[in-house]
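Asker: My structure is below; once you've seen it, I'll send some questions.
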Amino acid sequence: MTPRHRGRRSSRLRMRRLLPPLVLCVLLAMLVLHGYVHSEILADHRVRPPAPTDRVPKEVLEAGPVLDIRHGRPVGHEIPDRTVVLTFDDGPDPDWTPRILDKLKEHSAHAVFFVTGAMTARHPDLVRRMVAEGHEVGLHTFNHPDLSYQSDARIDRELAQTQLALAGAAGVRTSLFRPPYSATPDALDNASWPVTRHVGERGYVSVFLDTDSEDWARPGTGEIVRRALPKRPGDGAVVLMHDSGGDRSQTVAALDVLLPRLQQQGYRFTTLTRALDAPSAHTEVTGPELWKGLVFVAAVGLSEHVTTVLALALALVGVLVLARFALMLLLSRRHIRRVRGRAHEPVTEPVTVLVPAYNEAECIAGTVRSLTASDHPVEIVVVDDGSTDGTADIVERLALPRVRVLRQANAGKAAALNLGIAHASHDIVVMMDGDTVFEESTVRELVQPFSDPAVGAVAGNAKVGNRGTLIGSWQHIEYVMGFNLDRRMYDLLGCMPTVPGAVGAFRREALERVGGMSDDTLAEDTDVTMALHRDGRRVVYAERARAWTEAPETVRQLWSQRYRWSYGTMQALWKHRRALIETGPSGRFGRVGLPLVALFTVVAPLLSPLIDLFLVYGLVFGPAGRTAVAWLGMLAVQALCAGYAFRLDGERMAPLLALPLQQILYRQLMYVVLLQSWITALSGGRLRWQKLRRTGTVAGAIGTGTGVPGTLETSGDLEARQPA
């Protein structure tokens with residue numbers, strides 16, 4: 001491999017590793033941004049009661065509704081006679097602001113909209129319309145806190161963030177400001193006056209009011225009109241109304257009465273600066289400030305869409321999880337009644353057991369000895385796939401009866417199995433992994449369904465042997481709770497997707513019809529199982545055919561194993577995609593089996609981390625109580641399903657104590673594995689076979705023919721033991 005090719009491969013590998021956590025971080029950032037602009041994060045809803053006024057200058061308390069402190073000395077301005085400055089606070093609102101703008105346009109009136117930064121960032125098109133139609137815009141903070149409770153730094157941040165949103169929405173800055181919960185200038189007190197002074201020092205004109213319509217209380221259209229009229233006929237006024245914060249239908253209706261009535265009396269409705277014959281409050285924003293505003297508004301818009309999609313995805317994964325559990329619980333009971341009540345014609349003819357092995361020196365002796373103890377007549381063929389640790393020599397030194405060793409140069413597991421099939425002496429071929437231990441009855445139980453000539457393959461019950469560690473116990477729960485209940489469901493539906501490489505049996509003739517084991521995918525067992533379905537063969541599950549396998553003992557090994565399995569499953573789904581549109585057995589499998597495998601194996605695990613993401617978000621920023629109850633409810637459903645699965649398989653319930661932690665951590669691991677598999681597929685990468693480090697602990701702990709209680713199955717030969 002040239003240095004250039006090595007560099008490309010290294011770059012793709014880094015991308016696959018970095019993108020999954022990066023995507024998760026981006027999603028979390030979008031949630032936080034969404035929570036911030038919706039006042040779910042860092043929101044302060046306190047409102048200070050009135051305070052003394054002894055430290056407020058007298059000229060301020062007696063000033064007009066427009067207070068200018070930009071040049072150090074407070075200057076108050078009154079609105080000229082027969083002039084009304086309509087002001088609308090708290091918007092823009094997607095429902096009510098457009099209606100108010102329509103009414104103003106209909107009556108040729110202009111107004112001032114004191115917008116919040118959060119609403120501006122969420123609805124920038126409405127602010128653009130305000131500016132385009134000749135209205136003025138002022139700041140009303142970003143998240144509408146009572147500024148008398150806030151530090152100077154928080155006040156500056158509220159102003160700067162609102163200006164940023166305004167720049168991104170309409171390309172302007174404004175010099176007008178109205179503090180939340182404000183009233184007339186004589187209502188300024190010792191707590192609010194320092195805020196007004198600080199804002200004035202930052203270059204803003206504070207706009208209060210002298211007429212409050214109190215439309216927020218929804219007193220009725222007539223009352224809103226009455227309260228909005230100037231105190232004395234002919235006086236000018238700054239009138240307070242609202243275009244957001246609730247149902248503003250009465251406000252809209254009041255404009256239809258107020259505007260024509262006062263216009264008939266000679267009033268004009270204009271902006272603040274026009275009323276005072278002052279320069280426009282708007283300043284055009286260009287350069288970096290404009291781009292920062294555009295990026296901010298775009299990010300908020302993206303967070304709105306992302307959060308909507310995430311909420312829909314969370315609902316989808318909830319439905320999928322509950323539907324899967326319901327199907328598994330319902331169909332597993334039917335499966336038990338059907339299978340345990342079925343009488344098989346005993347299958348007694350000898351079978352060939354194939355053991356493909358690559359560097360299995362730690363495990364191979366225990367594997368082969370367990371087979372020789374079988375209570376069913378077997379021929380054992382060990383196919384050494386170019387091992388470098390003496391695996392084949394170990395088997396030969398055992399000198400066990402009915403055991404043959406075939407050697408080949410390293411060519412992969414599929415080639416090793418095909419070599420074994422070619423040398424098999426019997427019509428039924430059992431396949432197992434080199435790290436797996438069979439019980440005495442495993443082979444016998446595995447081959448009994450072949451009394452039905454329509455059966456082309458049988459999936460056995462693989463169980464975790466090394467379940468003493470935390471990771472081992474997690475996989476034990478997964479095997480019992482997921483894989484085996486899944487197998488019962490798929491068996492009853494006639495669409496078993498995988499005969500596990502750890503314990504499975506095939507009719508030799510059926511394998512030959514579909515071309516044997518293929519190396520087209522990294523999940524050759526899933527691939528061949530789907531091919532058998534498409535050829536019209538039945539694939540069934542034998543729950544009593546137990547095999548004990550050595551599961552990964554580190555997170556890195558588990559990652560490698562599931563990464564290969566996930567990617568191989570995707571490859572198999574893609575390879576057999578034409579089954580969706582075919583007729584006959586292939587079409588039946590394609591329209592039932594493929595969607596179920598895609599939903600429960602690819603889509604649900606990829607989306608399931610959203611459960612924990614929203615849990616963290618809800619506990620920190622949202623309704624913590626309801627969030628915790630919802631999450632615990634989902635966990636209770638999973639625990640119920642797991643307990644039922646453990647009971648069916650005669651397992652002790654103690655490992656289920658690790659279920660909550662398993663659900664949280666496993667979800668994240670499966671998310672990263674699946675996302676990395678998607679990235680591998682989309683980037684055109686090829687995944688190498690991963691050889692897991694074996695310890696031989698399963699054979700040592702279980703022995704041969706012990707029949708230790710347990711249950712599980714690996715999907716698609718979960719172990720990847722071959723090099724590239």
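Every chain in the structure tokens has a letter given in the order shown (A, B, ...), and although residue numbers restart at 1 in each chain, ligands are simply numbered from 1 in the order shown.
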Just list the residues in region 101-245 of chain A DSSP gives strand (DSSP E or B) on the backbone, as a PyMOL selection string.
Answerer: chain A and resi 111-115+136-139+172-174+176-177+205-207+211-212+237-242
Asker: Would you mind exporting C-alpha atoms of the selected residues as a tab-separated table (two decimals), in the first residue's frame?
Answerer:
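Dumped everything to out_30.tsv:
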```
chain	number	residue	atom	x	y	z
A	111	ALA	CA	-46.09	51.39	14.63
A	112	VAL	CA	-43.11	50.38	16.72
A	113	PHE	CA	-42.56	46.69	17.49
A	114	PHE	CA	-40.46	45.95	20.57
A	115	VAL	CA	-39.27	42.47	19.75
A	136	GLU	CA	-39.77	50.69	13.52
A	137	VAL	CA	-38.26	47.94	15.63
A	138	GLY	CA	-36.97	48.25	19.17
A	139	LEU	CA	-35.31	45.86	21.59
A	172	VAL	CA	-30.40	46.53	10.85
A	173	ARG	CA	-29.55	47.67	14.36
A	174	THR	CA	-31.87	49.81	16.46
A	176	LEU	CA	-34.82	51.98	20.71
A	177	PHE	CA	-35.29	49.94	23.88
A	205	VAL	CA	-33.30	55.53	23.96
A	206	SER	CA	-35.73	54.04	26.48
A	207	VAL	CA	-39.36	54.10	25.40
A	211	THR	CA	-51.40	54.82	27.73
A	212	ASP	CA	-51.75	51.11	28.50
A	237	ALA	CA	-49.61	59.22	23.23
A	238	VAL	CA	-47.40	56.15	23.26
A	239	VAL	CA	-49.87	53.28	23.44
A	240	LEU	CA	-48.86	49.84	24.70
A	241	MET	CA	-50.27	46.74	23.05
A	242	HIS	CA	-49.00	43.19	22.52
```
Asker: Just how far from CA of Ala531 (chain A) is CA of Val443 (chain A), in Å to one decimal?
Answerer: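 Separation between CA of Val443 (chain A) and CA of Ala531 (chain A): 23.4 Å.
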Asker: I'd like the interatomic distance between CA of His34 (chain A) and CA of Phe621 (chain A), to a tenth of an Å.
Answerer: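 For CA of His34 (chain A) relative to CA of Phe621 (chain A), the distance reads 11.0 Å.
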Asker: Leaving out region 454-469 of chain A and any residue of its chain fewer than 4 positions from it, which residues lie within 6 Å of it when counting only C-alpha atoms, given as a list in words?
Answerer: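 Those residues are Phe450, Ser473, His476, Val499, Val503, Gly504, Ala505, Phe506, Arg507, Ala510, Arg537, Arg538, Val539, Val540, Tyr541, Ala542, Glu543, Ala545, Arg546, Ala547, Trp548, Thr549, Glu550, Val698, Thr711, Leu712, Glu713 and Thr714 of chain A.
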Asker: Which residue is closest to Arg232 (chain A)? Choose from A:Val60, A:Asp210, A:Leu188, A:Leu615 and count only C-alpha atoms.
Answerer: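 Residue with the minimum atom-to-atom distance to Arg232 (chain A): A:Asp210.
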Asker: For region 125-135 of chain A, work out the shell of residues within 8 Å, counting only C-alpha atoms and skipping chain neighbours fewer than 4 positions away, then give it as a PyMOL selection string.
Answerer: chain A and resi 92+94+97-98+101+110-113+120+166+169-170+271
Asker: Now that the selection is made, can you save its residues with N, CA, C and O atoms as an mmCIF file, in the first residue's frame?
Answerer:
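out_13.cif, freshly written:
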```
data_model
loop_
_atom_site.group_PDB
_atom_site.id
_atom_site.type_symbol
_atom_site.label_atom_id
_atom_site.label_comp_id
_atom_site.auth_asym_id
_atom_site.auth_seq_id
_atom_site.Cartn_x
_atom_site.Cartn_y
_atom_site.Cartn_z
ATOM 1 N N PRO A 92 -41.891 38.890 17.518
ATOM 2 C CA PRO A 92 -43.043 38.617 16.652
ATOM 3 C C PRO A 92 -43.644 37.237 16.905
ATOM 4 O O PRO A 92 -42.943 36.305 17.282
ATOM 5 N N PRO A 94 -45.970 34.135 15.172
ATOM 6 C CA PRO A 94 -46.353 33.672 13.824
ATOM 7 C C PRO A 94 -47.846 33.733 13.564
ATOM 8 O O PRO A 94 -48.267 33.782 12.402
ATOM 9 N N THR A 97 -48.841 38.442 14.863
ATOM 10 C CA THR A 97 -48.122 39.558 14.248
ATOM 11 C C THR A 97 -48.529 39.786 12.789
ATOM 12 O O THR A 97 -48.757 40.941 12.386
ATOM 13 N N PRO A 98 -48.646 38.741 11.958
ATOM 14 C CA PRO A 98 -49.091 38.996 10.573
ATOM 15 C C PRO A 98 -50.467 39.652 10.506
ATOM 16 O O PRO A 98 -50.701 40.518 9.645
ATOM 17 N N LEU A 101 -50.023 43.296 11.409
ATOM 18 C CA LEU A 101 -49.401 43.992 10.286
ATOM 19 C C LEU A 101 -50.407 44.222 9.169
ATOM 20 O O LEU A 101 -50.403 45.286 8.515
ATOM 21 N N HIS A 110 -48.572 53.160 10.908
ATOM 22 C CA HIS A 110 -47.274 52.582 11.242
ATOM 23 C C HIS A 110 -47.152 52.482 12.756
ATOM 24 O O HIS A 110 -47.881 53.149 13.504
ATOM 25 N N ALA A 111 -46.215 51.643 13.198
ATOM 26 C CA ALA A 111 -46.087 51.393 14.628
ATOM 27 C C ALA A 111 -44.641 51.045 14.951
ATOM 28 O O ALA A 111 -43.772 51.000 14.075
ATOM 29 N N VAL A 112 -44.417 50.830 16.239
ATOM 30 C CA VAL A 112 -43.106 50.382 16.722
ATOM 31 C C VAL A 112 -43.299 49.011 17.369
ATOM 32 O O VAL A 112 -44.168 48.848 18.240
ATOM 33 N N PHE A 113 -42.491 48.043 16.936
ATOM 34 C CA PHE A 113 -42.561 46.689 17.487
ATOM 35 C C PHE A 113 -41.324 46.447 18.356
ATOM 36 O O PHE A 113 -40.192 46.459 17.851
ATOM 37 N N THR A 120 -37.436 36.935 17.527
ATOM 38 C CA THR A 120 -36.874 37.432 16.275
ATOM 39 C C THR A 120 -36.081 36.340 15.569
ATOM 40 O O THR A 120 -36.191 36.151 14.353
ATOM 41 N N LEU A 166 -31.583 40.634 15.380
ATOM 42 C CA LEU A 166 -32.175 41.651 14.513
ATOM 43 C C LEU A 166 -31.337 41.849 13.250
ATOM 44 O O LEU A 166 -31.870 41.997 12.149
ATOM 45 N N ALA A 169 -31.998 38.949 11.001
ATOM 46 C CA ALA A 169 -33.370 38.912 10.478
ATOM 47 C C ALA A 169 -33.622 40.006 9.447
ATOM 48 O O ALA A 169 -34.237 39.757 8.409
ATOM 49 N N ALA A 170 -33.171 41.237 9.744
ATOM 50 C CA ALA A 170 -33.531 42.366 8.873
ATOM 51 C C ALA A 170 -32.342 43.201 8.423
ATOM 52 O O ALA A 170 -32.527 44.171 7.685
ATOM 53 N N THR A 271 -44.321 56.173 13.334
ATOM 54 C CA THR A 271 -43.236 55.608 14.141
ATOM 55 C C THR A 271 -42.747 56.640 15.141
ATOM 56 O O THR A 271 -43.063 57.834 15.034
#
```
Asker: In Å to one decimal, how far is CA of Ser374 (chain A) from CA of Glu349 (chain A)?
Answerer: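 One can read the CA of Glu349 (chain A) to CA of Ser374 (chain A) distance as 13.4 Å.
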Asker: Determine the nearest neighbour of Ala658 (chain A) from the options A:Ile155, A:Met431, A:Ile471, A:Leu580, counting only C-alpha atoms.
Answerer: A:Ile471
Asker: Looking at A:Thr372, A:Ser192, A:Gln448, A:Ser566, which one is nearest to Arg55 (chain A), with distances taken over only C-alpha atoms?
Answerer: A:Ser192
Asker: Tell me which protein, DNA and RNA residues are within 12 Å of Asp189 (chain A), counting only C-alpha atoms, leaving out same-chain ones fewer than 2 positions away, and put them as a list in words.
Answerer: Arg48, Pro49, Pro50, Ala51, Pro52, Thr53, Asp54, Arg55, Val56, Pro57, Lys58, Val60, Leu61, Ser148, Ser182, Ala183, Thr184, Pro185, Asp186, Ala187, Ala191, Ser192, Trp193, Pro194, Val195, Thr196 and Arg197 of chain A
Asker: Kindly save the residues from that selection, with N, CA and C atoms included, as a PDB file, in the first residue's frame.
Answerer:
```pdb
ATOM      1  N   ARG A  48     -39.881  41.886  39.994  1.00  0.00           N
ATOM      2  CA  ARG A  48     -39.643  42.583  41.258  1.00  0.00           C
ATOM      3  C   ARG A  48     -40.839  43.460  41.629  1.00  0.00           C
ATOM      4  N   PRO A  49     -41.259  43.421  42.880  1.00  0.00           N
ATOM      5  CA  PRO A  49     -42.339  44.320  43.318  1.00  0.00           C
ATOM      6  C   PRO A  49     -41.850  45.765  43.352  1.00  0.00           C
ATOM      7  N   PRO A  50     -42.758  46.742  43.418  1.00  0.00           N
ATOM      8  CA  PRO A  50     -42.342  48.156  43.442  1.00  0.00           C
ATOM      9  C   PRO A  50     -41.374  48.445  44.581  1.00  0.00           C
ATOM     10  N   ALA A  51     -40.428  49.345  44.312  1.00  0.00           N
ATOM     11  CA  ALA A  51     -39.412  49.733  45.297  1.00  0.00           C
ATOM     12  C   ALA A  51     -39.493  51.236  45.530  1.00  0.00           C
ATOM     13  N   PRO A  52     -38.802  51.762  46.530  1.00  0.00           N
ATOM     14  CA  PRO A  52     -38.787  53.221  46.756  1.00  0.00           C
ATOM     15  C   PRO A  52     -38.233  53.969  45.547  1.00  0.00           C
ATOM     16  N   THR A  53     -38.499  55.268  45.478  1.00  0.00           N
ATOM     17  CA  THR A  53     -38.081  56.075  44.319  1.00  0.00           C
ATOM     18  C   THR A  53     -37.162  57.226  44.726  1.00  0.00           C
ATOM     19  N   ASP A  54     -36.640  57.193  45.947  1.00  0.00           N
ATOM     20  CA  ASP A  54     -35.890  58.341  46.442  1.00  0.00           C
ATOM     21  C   ASP A  54     -34.560  58.563  45.722  1.00  0.00           C
ATOM     22  N   ARG A  55     -34.036  57.546  45.016  1.00  0.00           N
ATOM     23  CA  ARG A  55     -32.767  57.713  44.304  1.00  0.00           C
ATOM     24  C   ARG A  55     -32.966  57.956  42.806  1.00  0.00           C
ATOM     25  N   VAL A  56     -34.212  58.148  42.405  1.00  0.00           N
ATOM     26  CA  VAL A  56     -34.508  58.437  41.001  1.00  0.00           C
ATOM     27  C   VAL A  56     -34.618  59.953  40.836  1.00  0.00           C
ATOM     28  N   PRO A  57     -33.880  60.564  39.888  1.00  0.00           N
ATOM     29  CA  PRO A  57     -33.962  62.025  39.700  1.00  0.00           C
ATOM     30  C   PRO A  57     -35.389  62.484  39.430  1.00  0.00           C
ATOM     31  N   LYS A  58     -35.714  63.640  39.972  1.00  0.00           N
ATOM     32  CA  LYS A  58     -37.076  64.155  39.831  1.00  0.00           C
ATOM     33  C   LYS A  58     -37.430  64.414  38.376  1.00  0.00           C
ATOM     34  N   VAL A  60     -36.572  62.787  35.875  1.00  0.00           N
ATOM     35  CA  VAL A  60     -36.879  61.519  35.204  1.00  0.00           C
ATOM     36  C   VAL A  60     -38.313  61.116  35.500  1.00  0.00           C
ATOM     37  N   LEU A  61     -38.706  61.243  36.775  1.00  0.00           N
ATOM     38  CA  LEU A  61     -40.063  60.853  37.163  1.00  0.00           C
ATOM     39  C   LEU A  61     -41.108  61.738  36.484  1.00  0.00           C
ATOM     40  N   SER A 148     -34.030  44.294  36.447  1.00  0.00           N
ATOM     41  CA  SER A 148     -33.606  44.789  37.762  1.00  0.00           C
ATOM     42  C   SER A 148     -32.985  43.677  38.597  1.00  0.00           C
ATOM     43  N   SER A 182     -42.221  47.198  32.017  1.00  0.00           N
ATOM     44  CA  SER A 182     -42.122  48.636  32.240  1.00  0.00           C
ATOM     45  C   SER A 182     -43.498  49.281  32.136  1.00  0.00           C
ATOM     46  N   ALA A 183     -43.580  50.515  32.583  1.00  0.00           N
ATOM     47  CA  ALA A 183     -44.844  51.260  32.535  1.00  0.00           C
ATOM     48  C   ALA A 183     -44.506  52.704  32.183  1.00  0.00           C
ATOM     49  N   THR A 184     -45.116  53.653  32.869  1.00  0.00           N
ATOM     50  CA  THR A 184     -44.839  55.070  32.632  1.00  0.00           C
ATOM     51  C   THR A 184     -43.532  55.459  33.333  1.00  0.00           C
ATOM     52  N   PRO A 185     -42.905  56.569  32.922  1.00  0.00           N
ATOM     53  CA  PRO A 185     -41.634  56.961  33.548  1.00  0.00           C
ATOM     54  C   PRO A 185     -41.755  57.175  35.051  1.00  0.00           C
ATOM     55  N   ASP A 186     -42.908  57.633  35.537  1.00  0.00           N
ATOM     56  CA  ASP A 186     -43.013  57.879  36.983  1.00  0.00           C
ATOM     57  C   ASP A 186     -43.080  56.584  37.779  1.00  0.00           C
ATOM     58  N   ALA A 187     -43.100  55.427  37.081  1.00  0.00           N
ATOM     59  CA  ALA A 187     -43.067  54.140  37.782  1.00  0.00           C
ATOM     60  C   ALA A 187     -41.642  53.646  37.996  1.00  0.00           C
ATOM     61  N   ALA A 191     -34.838  50.271  41.925  1.00  0.00           N
ATOM     62  CA  ALA A 191     -34.354  49.029  41.326  1.00  0.00           C
ATOM     63  C   ALA A 191     -34.280  49.122  39.807  1.00  0.00           C
ATOM     64  N   SER A 192     -35.248  49.790  39.173  1.00  0.00           N
ATOM     65  CA  SER A 192     -35.293  49.842  37.708  1.00  0.00           C
ATOM     66  C   SER A 192     -34.532  51.031  37.124  1.00  0.00           C
ATOM     67  N   TRP A 193     -34.368  52.112  37.898  1.00  0.00           N
ATOM     68  CA  TRP A 193     -33.664  53.276  37.371  1.00  0.00           C
ATOM     69  C   TRP A 193     -32.206  52.962  37.003  1.00  0.00           C
ATOM     70  N   PRO A 194     -31.439  52.223  37.807  1.00  0.00           N
ATOM     71  CA  PRO A 194     -30.059  51.899  37.394  1.00  0.00           C
ATOM     72  C   PRO A 194     -30.003  51.144  36.072  1.00  0.00           C
ATOM     73  N   VAL A 195     -31.009  50.324  35.804  1.00  0.00           N
ATOM     74  CA  VAL A 195     -31.048  49.610  34.525  1.00  0.00           C
ATOM     75  C   VAL A 195     -31.235  50.593  33.384  1.00  0.00           C
ATOM     76  N   THR A 196     -32.178  51.499  33.531  1.00  0.00           N
ATOM     77  CA  THR A 196     -32.444  52.500  32.490  1.00  0.00           C
ATOM     78  C   THR A 196     -31.207  53.358  32.248  1.00  0.00           C
ATOM     79  N   ARG A 197     -30.531  53.742  33.317  1.00  0.00           N
ATOM     80  CA  ARG A 197     -29.319  54.559  33.179  1.00  0.00           C
ATOM     81  C   ARG A 197     -28.220  53.767  32.462  1.00  0.00           C
TER      82      ARG A 197
END
```
Asker: Taking 3 positions as the minimum chain separation for residues in the same chain, which residues sit within 8 Å of Glu360 (chain A) when counting only C-alpha atoms? Answer as number ranges by chain.
Answerer: A: 357, 363-364, 387, 389, 391, 434-435, 694
Asker: Please provide the set of residues having any atom within 8 Å of Ala424 (chain A), restricted to only C-alpha atoms, with same-chain residues fewer than 3 positions apart removed, written as a list of chain:residue names.
Answerer: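 Within the cut-off, the hits are A:Thr352, A:Val381, A:Gly420, A:Ile421, A:Asp427, A:Val429.
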Asker: Restricted to N, CA and C atoms, what would the selected residues look like written as a compact mmCIF listing (two decimals), in the first residue's frame?
Answerer:
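What follows is the written file result-v5.txt:
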```txt
# COMPACT_ATOMS: atom_id res chain seq x y z
N THR A 352 -22.84 -33.87 10.00
CA THR A 352 -21.48 -33.33 9.98
C THR A 352 -21.46 -31.99 10.71
N VAL A 381 -15.59 -31.91 11.54
CA VAL A 381 -14.61 -31.43 10.57
C VAL A 381 -14.14 -30.05 11.02
N GLY A 420 -15.45 -27.09 4.11
CA GLY A 420 -16.01 -28.11 4.99
C GLY A 420 -17.25 -28.75 4.40
N ILE A 421 -18.12 -27.94 3.78
CA ILE A 421 -19.34 -28.48 3.16
C ILE A 421 -18.96 -29.48 2.06
N ASP A 427 -25.92 -35.38 4.98
CA ASP A 427 -26.83 -34.44 4.34
C ASP A 427 -27.17 -33.24 5.21
N VAL A 429 -25.74 -30.48 7.86
CA VAL A 429 -24.47 -29.87 8.27
C VAL A 429 -24.73 -28.89 9.41
```
Asker: For a quick check of understanding, using only C-alpha atoms, which of A:Gly412, A:Gly593, A:Pro609, A:Gly200 has the smallest distance to Ala523 (chain A)?
Answerer: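 Of A:Gly412, A:Gly593, A:Pro609, A:Gly200, the one nearest Ala523 (chain A) is A:Gly412, counting only C-alpha atoms.
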Asker: Using DSSP on the backbone, list every residue of region 502-717 of chain A that comes out as alpha helix (DSSP H), and give them as a ChimeraX atom specification.
Answerer: /A:508-513,524-534,555-575,584-597,604-607,609-620,624-648,659-682,697-702
